[in-house]
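Notes follow once the structure below has been shown.
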Amino acid sequence: MLNILIISDEAKGIASLFSPRIHAGHPDMKQASAAPEDANDASDHYDIAFLDLDTDNWQERLLDARHSMPVIAFSRPDLHKAVEALKLGAGDYLEKPLTAEVISEVINRHQKKI
């Protein structure tokens, strides 16, 4: 079962983008969301993380999470943040607004590494 951690102030809205993937042939996927302040405690229970770079202390959260799972960084278009996140160990970078299709593609790419 694939457990996904969403670290964002908008976690509930973003989690709804995972629903089409769960219902379209991936019944083994389990979604999860967490508020940014809860992410550090939960990182051992997840397979992949989606980290919103528009949240406070995202650098620290990325450094903590990258040791136990692939981290997919996302934000409003910001080249500086994208480059910094990739240098800190993010496995991928996505621009907001996220779509179910883009999320599905990135999960498929990283699922082979999980």
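Chain labels A, B, ... are given in the sequence in which chains occur in the structure tokens; within each chain residues are numbered consecutively from 1, and ligands are likewise numbered from 1 in the order shown.
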Non-local contacts of A:Thr99 (10 Å; only C-alpha atoms; under 6 positions in same chain excluded) as a list in words: Ile14, Leu17 and Phe18 of chain A
10 Å contact set for stretch 87-92 of chain A, only C-alpha atoms, chain neighbours under 2 positions out, as a PyMOL selection string: chain A and resi 49-51+59-60+62-63+65-67+69-74+81-85+94+106+109-110
Save the residues we just selected, C-alpha atoms, as a PDB file, in the first residue's frame?
```
ATOM      1  CA  ALA A  49       6.126  13.106   0.284  1.00  0.00           C
ATOM      2  CA  PHE A  50       4.774  16.113  -1.561  1.00  0.00           C
ATOM      3  CA  LEU A  51       6.262  19.243   0.024  1.00  0.00           C
ATOM      4  CA  GLN A  59      14.077  23.590   3.831  1.00  0.00           C
ATOM      5  CA  GLU A  60      14.177  21.885   7.236  1.00  0.00           C
ATOM      6  CA  LEU A  62      12.839  18.632   3.096  1.00  0.00           C
ATOM      7  CA  LEU A  63      16.129  17.776   4.796  1.00  0.00           C
ATOM      8  CA  ALA A  65      12.008  13.808   4.974  1.00  0.00           C
ATOM      9  CA  ARG A  66      14.510  13.060   2.185  1.00  0.00           C
ATOM     10  CA  HIS A  67      16.283  10.463   4.323  1.00  0.00           C
ATOM     11  CA  MET A  69      11.349   8.777   1.322  1.00  0.00           C
ATOM     12  CA  PRO A  70      11.434  10.541  -2.044  1.00  0.00           C
ATOM     13  CA  VAL A  71      10.306  14.164  -1.734  1.00  0.00           C
ATOM     14  CA  ILE A  72       8.431  15.908  -4.524  1.00  0.00           C
ATOM     15  CA  ALA A  73       8.668  19.673  -4.078  1.00  0.00           C
ATOM     16  CA  PHE A  74       6.054  22.044  -5.463  1.00  0.00           C
ATOM     17  CA  LYS A  81      13.047  27.785  -4.804  1.00  0.00           C
ATOM     18  CA  ALA A  82      13.041  25.012  -7.417  1.00  0.00           C
ATOM     19  CA  VAL A  83      16.829  25.026  -7.745  1.00  0.00           C
ATOM     20  CA  GLU A  84      17.330  25.212  -3.971  1.00  0.00           C
ATOM     21  CA  ALA A  85      14.907  22.328  -3.347  1.00  0.00           C
ATOM     22  CA  LEU A  94       6.290  20.727  -9.798  1.00  0.00           C
ATOM     23  CA  VAL A 106       5.447  11.883 -11.003  1.00  0.00           C
ATOM     24  CA  ARG A 109       8.295   7.820 -12.089  1.00  0.00           C
ATOM     25  CA  HIS A 110       9.178   7.608  -8.411  1.00  0.00           C
TER      26      HIS A 110
END
```
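One distance worth recording is that between atom CA of A:Ile7 and atom CA of A:Asn57, which is 11.0 Å.
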Would you compute the distance between atom CA of A:Glu95 and atom CA of A:His45? Give it in Å to one decimal.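 If I compute the distance from atom CA of A:Glu95 to atom CA of A:His45, I get 25.8 Å.
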Which residues, written as a PyMOL selection string, have at least one atom at most 8 Å from A:Asp47, with only C-alpha atoms counted and residues fewer than 3 positions away on the same chain left out? chain A and resi 2-5+68-70+114
Prev. selection, N, CA and C atoms, output as an mmCIF file, in the first residue's frame:
```cif
data_model
loop_
_atom_site.group_PDB
_atom_site.id
_atom_site.type_symbol
_atom_site.label_atom_id
_atom_site.label_comp_id
_atom_site.auth_asym_id
_atom_site.auth_seq_id
_atom_site.Cartn_x
_atom_site.Cartn_y
_atom_site.Cartn_z
ATOM 1 N N LEU A 2 0.658 2.151 -0.906
ATOM 2 C CA LEU A 2 1.452 3.367 -1.028
ATOM 3 C C LEU A 2 0.854 4.463 -0.162
ATOM 4 N N ASN A 3 1.633 4.938 0.790
ATOM 5 C CA ASN A 3 1.190 6.003 1.687
ATOM 6 C C ASN A 3 1.868 7.304 1.282
ATOM 7 N N ILE A 4 1.072 8.335 1.091
ATOM 8 C CA ILE A 4 1.565 9.615 0.599
ATOM 9 C C ILE A 4 1.394 10.677 1.677
ATOM 10 N N LEU A 5 2.476 11.402 1.934
ATOM 11 C CA LEU A 5 2.456 12.494 2.896
ATOM 12 C C LEU A 5 2.409 13.804 2.123
ATOM 13 N N SER A 68 14.104 9.382 4.455
ATOM 14 C CA SER A 68 13.239 8.217 4.595
ATOM 15 C C SER A 68 12.287 7.996 3.422
ATOM 16 N N MET A 69 12.260 8.936 2.460
ATOM 17 C CA MET A 69 11.349 8.777 1.322
ATOM 18 C C MET A 69 11.696 9.789 0.234
ATOM 19 N N PRO A 70 11.281 9.520 -1.005
ATOM 20 C CA PRO A 70 11.434 10.541 -2.044
ATOM 21 C C PRO A 70 10.551 11.744 -1.707
ATOM 22 N N ILE A 114 10.692 3.385 -4.987
ATOM 23 C CA ILE A 114 10.171 3.199 -3.617
ATOM 24 C C ILE A 114 10.311 1.739 -3.187
#
```
